[in-house]
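Chemist: Below: one structure in structure tokens.
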Amino acid sequence: MAHLNDNFFKLKAGYLFPEIGRRVKAFCEANPTAAPRVIRCGIGDVTEALPPAVITALHQAVDEMAARATFKGYGPEQGYDWLRQTIAEHDFRRRGIDIADDEIFVSDGSKCDCGNILDILGAKNKLGISDPVYPVYVDTNVMAGHTGEANEAGRYGKITYLPCTAANGFMPAPPAKPLDVVYLCSPNNPTGAAATRAQLEAWVQYALAHKTLLLFDAAYEAYITDPALPHSIYEIPGARDCAIEFRSFSKNGGFTGLRCAFTVVPQLLLAQTKSDEFKPLHPLWLRRSTTKFNGVSYIVQRAAAALYSPEGQAQVRSLVAHYLGNAQVLREGAKRAGLKAFGGVNAPYIWVRTPKGVTSWQAFDKILQEANVVITPGSGFGSKGEGFFRISAFNSRANAEEVARRLPELKW
């Protein structure tokens, strides 16, 4: 008799975005005349074509695969040396951050790595997770058996929820009690808030004092326009001794369908064994990668490297500017609708407070039914997300302008 992983039964609901898709599908089937008007600003998926530099690199790599002399089979699971060196040099060393090539691990997505990292972490860790937050952080810990059961509010035992509110700028402060593992995301999904240097310094000081491991998700760092804001946790002295950083090419290079990302694991980063020894995480992540992952395809890695060329960098800046322009349009549209809007400045998300007495899912249904616009209910990101909704700026400019026109027409 096969036995199931009963931890899956602790999950309180389906993953947020499939539920949104189900509701939108039901609405379109019930309202076929409205279906063509539906504009999707829910899931954070890019809409614009891949940069020309990437297309050129893809074609060249395909041609290489067509000839025996240049054909590539299995590559190194942690990524080709030339891509790891390019990443380490451009994203870190040129900014004065000491990251070695072999501390870069190329993968097929930061979402995957945020979950896969649990393979090398124990089940006894006291977890700290922001609320609201990207659902993957919580759900993967539930699946791995690292949490207790959920209460009626949907909060899981063994997790310390770190509130992100308007009062703290949607960026949590370190708690008074020690935690073993803490997830941080900046710029934040869903709130669009970006951590200041002082905020990250406080977290690094906390982590060093308590031997806490910080899991820092920087998937949206390309959207930081304020020069005073850090792009990497490793800009903070001491972070190499307490943090793992996750990065992605999805939102800067449009790789949501191409799939490429990377995770930084410093060589000397340590964690505790059950026998109270301190061991480095780097060799464990290397072993996990080489055992359970065959690596990102050669073609895709060549495409990722093209993003670092002068042409690729200019095209990335253009893509980011396009989506940030959408964010400004959408933020202004929400304000004209009389709604309080946050984010959308150093991130591609606008975090909007619902009118008094309106729940997040009620706002979702009303905006879908009356404005034919798909947003993401804030409660899907955690209990502190109730009373908010997220608007994604990943769209065409015409769609962003149309959504900004429709929102003020709603009668709350």
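So you can find residues: chains in the structure tokens are A, B, ... in the order shown, residues in each start at 1, and ligands are numbered from 1 in order.
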Looking only at the backbone, which of the residues in range 188-400 of chain A does DSSP tag as alpha helix (DSSP H), as a VMD selection string?
Modeler: chain A and resid 197 to 210 250 to 253 282 to 292 298 to 306 310 to 336 360 to 371 397 to 400
Chemist: Restricted to C-alpha atoms, what would the selected residues look like written as a PDB file, in the first residue's frame?
Modeler:
ATOM      1  CA  ARG A 197      19.217  50.081   3.553  1.00  0.00           C
ATOM      2  CA  ALA A 198      18.431  50.720   7.230  1.00  0.00           C
ATOM      3  CA  GLN A 199      15.704  48.060   7.207  1.00  0.00           C
ATOM      4  CA  LEU A 200      18.012  45.448   5.686  1.00  0.00           C
ATOM      5  CA  GLU A 201      20.819  46.416   8.056  1.00  0.00           C
ATOM      6  CA  ALA A 202      18.464  45.752  10.973  1.00  0.00           C
ATOM      7  CA  TRP A 203      17.638  42.318   9.579  1.00  0.00           C
ATOM      8  CA  VAL A 204      21.277  41.391   8.992  1.00  0.00           C
ATOM      9  CA  GLN A 205      22.218  42.496  12.513  1.00  0.00           C
ATOM     10  CA  TYR A 206      19.323  40.418  13.875  1.00  0.00           C
ATOM     11  CA  ALA A 207      20.357  37.395  11.801  1.00  0.00           C
ATOM     12  CA  LEU A 208      23.989  37.564  12.891  1.00  0.00           C
ATOM     13  CA  ALA A 209      22.974  37.914  16.539  1.00  0.00           C
ATOM     14  CA  HIS A 210      20.598  34.934  16.467  1.00  0.00           C
ATOM     15  CA  SER A 250      11.470  36.351 -15.609  1.00  0.00           C
ATOM     16  CA  LYS A 251      10.516  39.932 -14.860  1.00  0.00           C
ATOM     17  CA  ASN A 252      13.518  41.817 -16.239  1.00  0.00           C
ATOM     18  CA  GLY A 253      14.114  39.806 -19.427  1.00  0.00           C
ATOM     19  CA  HIS A 282      26.913  25.433  -0.134  1.00  0.00           C
ATOM     20  CA  PRO A 283      27.983  21.771  -0.568  1.00  0.00           C
ATOM     21  CA  LEU A 284      24.508  20.602   0.424  1.00  0.00           C
ATOM     22  CA  TRP A 285      22.854  22.821  -2.197  1.00  0.00           C
ATOM     23  CA  LEU A 286      25.430  21.665  -4.742  1.00  0.00           C
ATOM     24  CA  ARG A 287      24.641  18.026  -3.902  1.00  0.00           C
ATOM     25  CA  ARG A 288      20.922  18.687  -4.076  1.00  0.00           C
ATOM     26  CA  SER A 289      21.302  20.402  -7.465  1.00  0.00           C
ATOM     27  CA  THR A 290      23.464  17.709  -9.003  1.00  0.00           C
ATOM     28  CA  THR A 291      21.230  14.929  -7.697  1.00  0.00           C
ATOM     29  CA  LYS A 292      17.738  16.266  -8.420  1.00  0.00           C
ATOM     30  CA  TYR A 298      22.120  25.319 -23.111  1.00  0.00           C
ATOM     31  CA  ILE A 299      19.877  27.350 -25.434  1.00  0.00           C
ATOM     32  CA  VAL A 300      18.163  29.149 -22.564  1.00  0.00           C
ATOM     33  CA  GLN A 301      21.432  29.856 -20.770  1.00  0.00           C
ATOM     34  CA  ARG A 302      22.805  31.460 -23.944  1.00  0.00           C
ATOM     35  CA  ALA A 303      19.651  33.588 -24.025  1.00  0.00           C
ATOM     36  CA  ALA A 304      20.199  34.607 -20.392  1.00  0.00           C
ATOM     37  CA  ALA A 305      23.803  35.579 -21.101  1.00  0.00           C
ATOM     38  CA  ALA A 306      22.579  37.814 -23.936  1.00  0.00           C
ATOM     39  CA  PRO A 310      25.221  46.108 -24.076  1.00  0.00           C
ATOM     40  CA  GLU A 311      22.252  45.610 -26.391  1.00  0.00           C
ATOM     41  CA  GLY A 312      20.564  43.271 -23.929  1.00  0.00           C
ATOM     42  CA  GLN A 313      21.017  45.680 -21.032  1.00  0.00           C
ATOM     43  CA  ALA A 314      19.468  48.547 -23.022  1.00  0.00           C
ATOM     44  CA  GLN A 315      16.535  46.314 -23.978  1.00  0.00           C
ATOM     45  CA  VAL A 316      16.030  45.203 -20.373  1.00  0.00           C
ATOM     46  CA  ARG A 317      15.929  48.836 -19.262  1.00  0.00           C
ATOM     47  CA  SER A 318      13.314  49.512 -21.931  1.00  0.00           C
ATOM     48  CA  LEU A 319      11.147  46.596 -20.783  1.00  0.00           C
ATOM     49  CA  VAL A 320      11.376  47.622 -17.148  1.00  0.00           C
ATOM     50  CA  ALA A 321      10.557  51.239 -18.034  1.00  0.00           C
ATOM     51  CA  HIS A 322       7.506  50.064 -19.971  1.00  0.00           C
ATOM     52  CA  TYR A 323       6.079  48.110 -17.037  1.00  0.00           C
ATOM     53  CA  LEU A 324       6.915  50.846 -14.535  1.00  0.00           C
ATOM     54  CA  GLY A 325       5.111  53.284 -16.838  1.00  0.00           C
ATOM     55  CA  ASN A 326       2.094  51.001 -16.691  1.00  0.00           C
ATOM     56  CA  ALA A 327       2.366  50.947 -12.901  1.00  0.00           C
ATOM     57  CA  GLN A 328       2.232  54.734 -12.756  1.00  0.00           C
ATOM     58  CA  VAL A 329      -0.834  54.791 -15.019  1.00  0.00           C
ATOM     59  CA  LEU A 330      -2.611  52.160 -12.905  1.00  0.00           C
ATOM     60  CA  ARG A 331      -1.692  53.791  -9.619  1.00  0.00           C
ATOM     61  CA  GLU A 332      -3.092  57.116 -10.805  1.00  0.00           C
ATOM     62  CA  GLY A 333      -6.238  55.366 -12.046  1.00  0.00           C
ATOM     63  CA  ALA A 334      -6.772  53.786  -8.619  1.00  0.00           C
ATOM     64  CA  LYS A 335      -6.350  57.179  -6.986  1.00  0.00           C
ATOM     65  CA  ARG A 336      -8.883  58.757  -9.344  1.00  0.00           C
ATOM     66  CA  SER A 360     -10.692  41.367  -0.916  1.00  0.00           C
ATOM     67  CA  TRP A 361     -12.723  38.706  -2.735  1.00  0.00           C
ATOM     68  CA  GLN A 362     -15.762  40.993  -2.873  1.00  0.00           C
ATOM     69  CA  ALA A 363     -13.563  43.577  -4.553  1.00  0.00           C
ATOM     70  CA  PHE A 364     -12.296  40.910  -6.946  1.00  0.00           C
ATOM     71  CA  ASP A 365     -15.831  39.904  -7.950  1.00  0.00           C
ATOM     72  CA  LYS A 366     -17.060  43.483  -8.324  1.00  0.00           C
ATOM     73  CA  ILE A 367     -14.110  44.611 -10.423  1.00  0.00           C
ATOM     74  CA  LEU A 368     -14.389  41.515 -12.625  1.00  0.00           C
ATOM     75  CA  GLN A 369     -18.155  41.731 -13.078  1.00  0.00           C
ATOM     76  CA  GLU A 370     -18.541  45.492 -13.470  1.00  0.00           C
ATOM     77  CA  ALA A 371     -15.211  46.614 -14.925  1.00  0.00           C
ATOM     78  CA  ARG A 397       0.159  50.331 -22.256  1.00  0.00           C
ATOM     79  CA  ALA A 398      -3.238  50.405 -23.982  1.00  0.00           C
ATOM     80  CA  ASN A 399      -4.631  47.878 -21.500  1.00  0.00           C
ATOM     81  CA  ALA A 400      -3.156  49.727 -18.539  1.00  0.00           C
TER      82      ALA A 400
END
Chemist: If we count only C-alpha atoms and set the cut-off at 6 Å, which residues sit around Thr376 in chain A, ignoring sequence neighbours fewer than 2 positions away in its own chain? Please answer as an mmCIF file with N, CA and C atoms, in the first residue's frame.
Modeler:
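The resulting file, out.cif, is shown below:
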data_model
loop_
_atom_site.group_PDB
_atom_site.id
_atom_site.type_symbol
_atom_site.label_atom_id
_atom_site.label_comp_id
_atom_site.auth_asym_id
_atom_site.auth_seq_id
_atom_site.Cartn_x
_atom_site.Cartn_y
_atom_site.Cartn_z
ATOM 1 N N GLY A 42 -4.079 40.257 -12.978
ATOM 2 C CA GLY A 42 -3.986 39.434 -11.789
ATOM 3 C C GLY A 42 -2.613 38.818 -11.650
ATOM 4 N N PHE A 389 -6.179 44.682 -2.530
ATOM 5 C CA PHE A 389 -6.011 43.864 -3.712
ATOM 6 C C PHE A 389 -4.789 44.345 -4.487
ATOM 7 N N ARG A 390 -4.215 43.448 -5.294
ATOM 8 C CA ARG A 390 -3.020 43.756 -6.069
ATOM 9 C C ARG A 390 -3.371 43.924 -7.534
#
Chemist: Quick one: residues within 8 Å of Ala195 in chain A, only C-alpha atoms, excluding same-chain residues fewer than 4 positions away - as a count of residues only?
Modeler: 7
Chemist: Taking only C-alpha atoms into account, which of A:Glu103, A:Asp108, A:Asp131, A:Asp98 comes nearest Gly238 in chain A?
Modeler: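 Ranking A:Glu103, A:Asp108, A:Asp131, A:Asp98 by distance to Gly238 in chain A, first place goes to A:Asp98.
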Chemist: Pick out each residue of range 252-317 of chain A that DSSP on the backbone tags as strand (DSSP E or B); I need them as a ChimeraX atom specification.
Modeler: /A:261-264,270-272,278-280
Chemist: Just N, CA and C atoms for this one: save the residues we selected as a PDB file, in the first residue's frame.
Modeler:
ATOM      1  N   ALA A 261      16.760  31.373 -13.913  1.00  0.00           N
ATOM      2  CA  ALA A 261      16.930  32.160 -12.696  1.00  0.00           C
ATOM      3  C   ALA A 261      18.247  31.738 -12.065  1.00  0.00           C
ATOM      4  N   PHE A 262      18.547  32.279 -10.899  1.00  0.00           N
ATOM      5  CA  PHE A 262      19.728  31.810 -10.185  1.00  0.00           C
ATOM      6  C   PHE A 262      19.586  32.091  -8.694  1.00  0.00           C
ATOM      7  N   THR A 263      20.296  31.301  -7.920  1.00  0.00           N
ATOM      8  CA  THR A 263      20.339  31.438  -6.470  1.00  0.00           C
ATOM      9  C   THR A 263      21.786  31.576  -6.033  1.00  0.00           C
ATOM     10  N   VAL A 264      22.025  32.462  -5.072  1.00  0.00           N
ATOM     11  CA  VAL A 264      23.368  32.715  -4.555  1.00  0.00           C
ATOM     12  C   VAL A 264      23.486  32.074  -3.172  1.00  0.00           C
ATOM     13  N   LEU A 270      26.729  29.094   7.120  1.00  0.00           N
ATOM     14  CA  LEU A 270      26.615  27.902   7.958  1.00  0.00           C
ATOM     15  C   LEU A 270      25.213  27.737   8.527  1.00  0.00           C
ATOM     16  N   ALA A 271      24.868  26.496   8.846  1.00  0.00           N
ATOM     17  CA  ALA A 271      23.652  26.182   9.596  1.00  0.00           C
ATOM     18  C   ALA A 271      23.958  25.012  10.519  1.00  0.00           C
ATOM     19  N   GLN A 272      23.068  24.787  11.467  1.00  0.00           N
ATOM     20  CA  GLN A 272      23.334  23.853  12.568  1.00  0.00           C
ATOM     21  C   GLN A 272      22.759  22.468  12.285  1.00  0.00           C
ATOM     22  N   PHE A 278      28.125  23.106  13.237  1.00  0.00           N
ATOM     23  CA  PHE A 278      27.787  24.064  12.193  1.00  0.00           C
ATOM     24  C   PHE A 278      28.466  23.638  10.898  1.00  0.00           C
ATOM     25  N   LYS A 279      27.637  23.449   9.859  1.00  0.00           N
ATOM     26  CA  LYS A 279      28.110  22.958   8.574  1.00  0.00           C
ATOM     27  C   LYS A 279      27.726  23.956   7.472  1.00  0.00           C
ATOM     28  N   PRO A 280      28.543  24.037   6.403  1.00  0.00           N
ATOM     29  CA  PRO A 280      28.210  24.947   5.299  1.00  0.00           C
ATOM     30  C   PRO A 280      27.031  24.438   4.468  1.00  0.00           C
TER      31      PRO A 280
END
Chemist: Ranking A:Lys356, A:Lys384, A:Arg405, A:Lys211 by minimum distance to Val133 in chain A and counting only C-alpha atoms, which one comes first?
Modeler: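 Once distances to Val133 in chain A are computed over only C-alpha atoms, the minimum belongs to A:Lys384.
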Chemist: Find the residues around Gly343 in chain A up to 10 Å (only C-alpha atoms counted), leave out those fewer than 3 positions away in its own chain, and share them as a PyMOL selection string.
Modeler: chain A and resi 169-170+187-194+327-328+331+346-352+390-391
Chemist: Include N, CA and C atoms and write out the residues we just selected as a PDB file, in the first residue's frame.
Modeler:
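Below is the file that was written, part.pdb:
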ATOM      1  N   GLY A 169       5.277  50.578   6.458  1.00  0.00           N
ATOM      2  CA  GLY A 169       5.701  50.659   5.068  1.00  0.00           C
ATOM      3  C   GLY A 169       5.704  49.325   4.359  1.00  0.00           C
ATOM      4  N   PHE A 170       4.917  48.366   4.885  1.00  0.00           N
ATOM      5  CA  PHE A 170       4.805  47.022   4.319  1.00  0.00           C
ATOM      6  C   PHE A 170       6.147  46.288   4.294  1.00  0.00           C
ATOM      7  N   PRO A 187      12.129  44.074  -4.027  1.00  0.00           N
ATOM      8  CA  PRO A 187      10.800  44.670  -3.849  1.00  0.00           C
ATOM      9  C   PRO A 187       9.759  43.581  -3.602  1.00  0.00           C
ATOM     10  N   ASN A 188       8.802  43.939  -2.781  1.00  0.00           N
ATOM     11  CA  ASN A 188       7.892  42.945  -2.237  1.00  0.00           C
ATOM     12  C   ASN A 188       6.763  42.574  -3.187  1.00  0.00           C
ATOM     13  N   ASN A 189       6.504  41.300  -3.241  1.00  0.00           N
ATOM     14  CA  ASN A 189       5.311  40.760  -3.885  1.00  0.00           C
ATOM     15  C   ASN A 189       4.429  40.225  -2.755  1.00  0.00           C
ATOM     16  N   PRO A 190       3.281  40.859  -2.474  1.00  0.00           N
ATOM     17  CA  PRO A 190       2.451  41.634  -3.404  1.00  0.00           C
ATOM     18  C   PRO A 190       2.434  43.149  -3.215  1.00  0.00           C
ATOM     19  N   THR A 191       3.036  43.690  -2.170  1.00  0.00           N
ATOM     20  CA  THR A 191       2.743  45.072  -1.785  1.00  0.00           C
ATOM     21  C   THR A 191       3.488  46.121  -2.602  1.00  0.00           C
ATOM     22  N   GLY A 192       4.530  45.705  -3.330  1.00  0.00           N
ATOM     23  CA  GLY A 192       5.290  46.668  -4.112  1.00  0.00           C
ATOM     24  C   GLY A 192       6.242  47.521  -3.299  1.00  0.00           C
ATOM     25  N   ALA A 193       6.420  47.208  -2.016  1.00  0.00           N
ATOM     26  CA  ALA A 193       7.332  47.974  -1.167  1.00  0.00           C
ATOM     27  C   ALA A 193       8.757  47.470  -1.355  1.00  0.00           C
ATOM     28  N   ALA A 194       9.727  48.385  -1.294  1.00  0.00           N
ATOM     29  CA  ALA A 194      11.134  48.025  -1.393  1.00  0.00           C
ATOM     30  C   ALA A 194      11.836  48.394  -0.092  1.00  0.00           C
ATOM     31  N   ALA A 327       2.651  50.869 -14.332  1.00  0.00           N
ATOM     32  CA  ALA A 327       2.366  50.947 -12.901  1.00  0.00           C
ATOM     33  C   ALA A 327       1.945  52.356 -12.509  1.00  0.00           C
ATOM     34  N   GLN A 328       2.604  53.347 -13.064  1.00  0.00           N
ATOM     35  CA  GLN A 328       2.232  54.734 -12.756  1.00  0.00           C
ATOM     36  C   GLN A 328       0.828  55.039 -13.257  1.00  0.00           C
ATOM     37  N   ARG A 331      -1.653  53.170 -10.947  1.00  0.00           N
ATOM     38  CA  ARG A 331      -1.692  53.791  -9.619  1.00  0.00           C
ATOM     39  C   ARG A 331      -2.522  55.072  -9.660  1.00  0.00           C
ATOM     40  N   ASN A 346       8.902  51.379  -7.212  1.00  0.00           N
ATOM     41  CA  ASN A 346      10.104  50.557  -7.359  1.00  0.00           C
ATOM     42  C   ASN A 346       9.741  49.092  -7.572  1.00  0.00           C
ATOM     43  N   ALA A 347       8.531  48.862  -8.039  1.00  0.00           N
ATOM     44  CA  ALA A 347       8.038  47.502  -8.251  1.00  0.00           C
ATOM     45  C   ALA A 347       6.890  47.543  -9.255  1.00  0.00           C
ATOM     46  N   PRO A 348       6.604  46.423  -9.909  1.00  0.00           N
ATOM     47  CA  PRO A 348       5.544  46.386 -10.916  1.00  0.00           C
ATOM     48  C   PRO A 348       4.162  46.073 -10.361  1.00  0.00           C
ATOM     49  N   TYR A 349       3.983  46.209  -9.054  1.00  0.00           N
ATOM     50  CA  TYR A 349       2.697  45.919  -8.439  1.00  0.00           C
ATOM     51  C   TYR A 349       2.158  47.130  -7.697  1.00  0.00           C
ATOM     52  N   ILE A 350       0.832  47.306  -7.787  1.00  0.00           N
ATOM     53  CA  ILE A 350       0.144  48.344  -7.031  1.00  0.00           C
ATOM     54  C   ILE A 350      -0.715  47.634  -6.000  1.00  0.00           C
ATOM     55  N   TRP A 351      -0.592  48.060  -4.765  1.00  0.00           N
ATOM     56  CA  TRP A 351      -1.291  47.448  -3.627  1.00  0.00           C
ATOM     57  C   TRP A 351      -2.374  48.435  -3.211  1.00  0.00           C
ATOM     58  N   VAL A 352      -3.637  48.033  -3.353  1.00  0.00           N
ATOM     59  CA  VAL A 352      -4.752  48.964  -3.227  1.00  0.00           C
ATOM     60  C   VAL A 352      -5.656  48.567  -2.067  1.00  0.00           C
ATOM     61  N   ARG A 390      -4.215  43.448  -5.294  1.00  0.00           N
ATOM     62  CA  ARG A 390      -3.020  43.756  -6.069  1.00  0.00           C
ATOM     63  C   ARG A 390      -3.371  43.924  -7.534  1.00  0.00           C
ATOM     64  N   ILE A 391      -2.825  44.954  -8.150  1.00  0.00           N
ATOM     65  CA  ILE A 391      -2.938  45.144  -9.598  1.00  0.00           C
ATOM     66  C   ILE A 391      -1.554  44.936 -10.196  1.00  0.00           C
TER      67      ILE A 391
END
Chemist: Taking only C-alpha atoms into account, name the residue in A:Tyr183, A:Ser232, A:Lys274, A:Arg23 that is nearest to Ala218 in chain A.
Modeler: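 Answer, going by the shortest atom-to-atom distance: A:Ser232.
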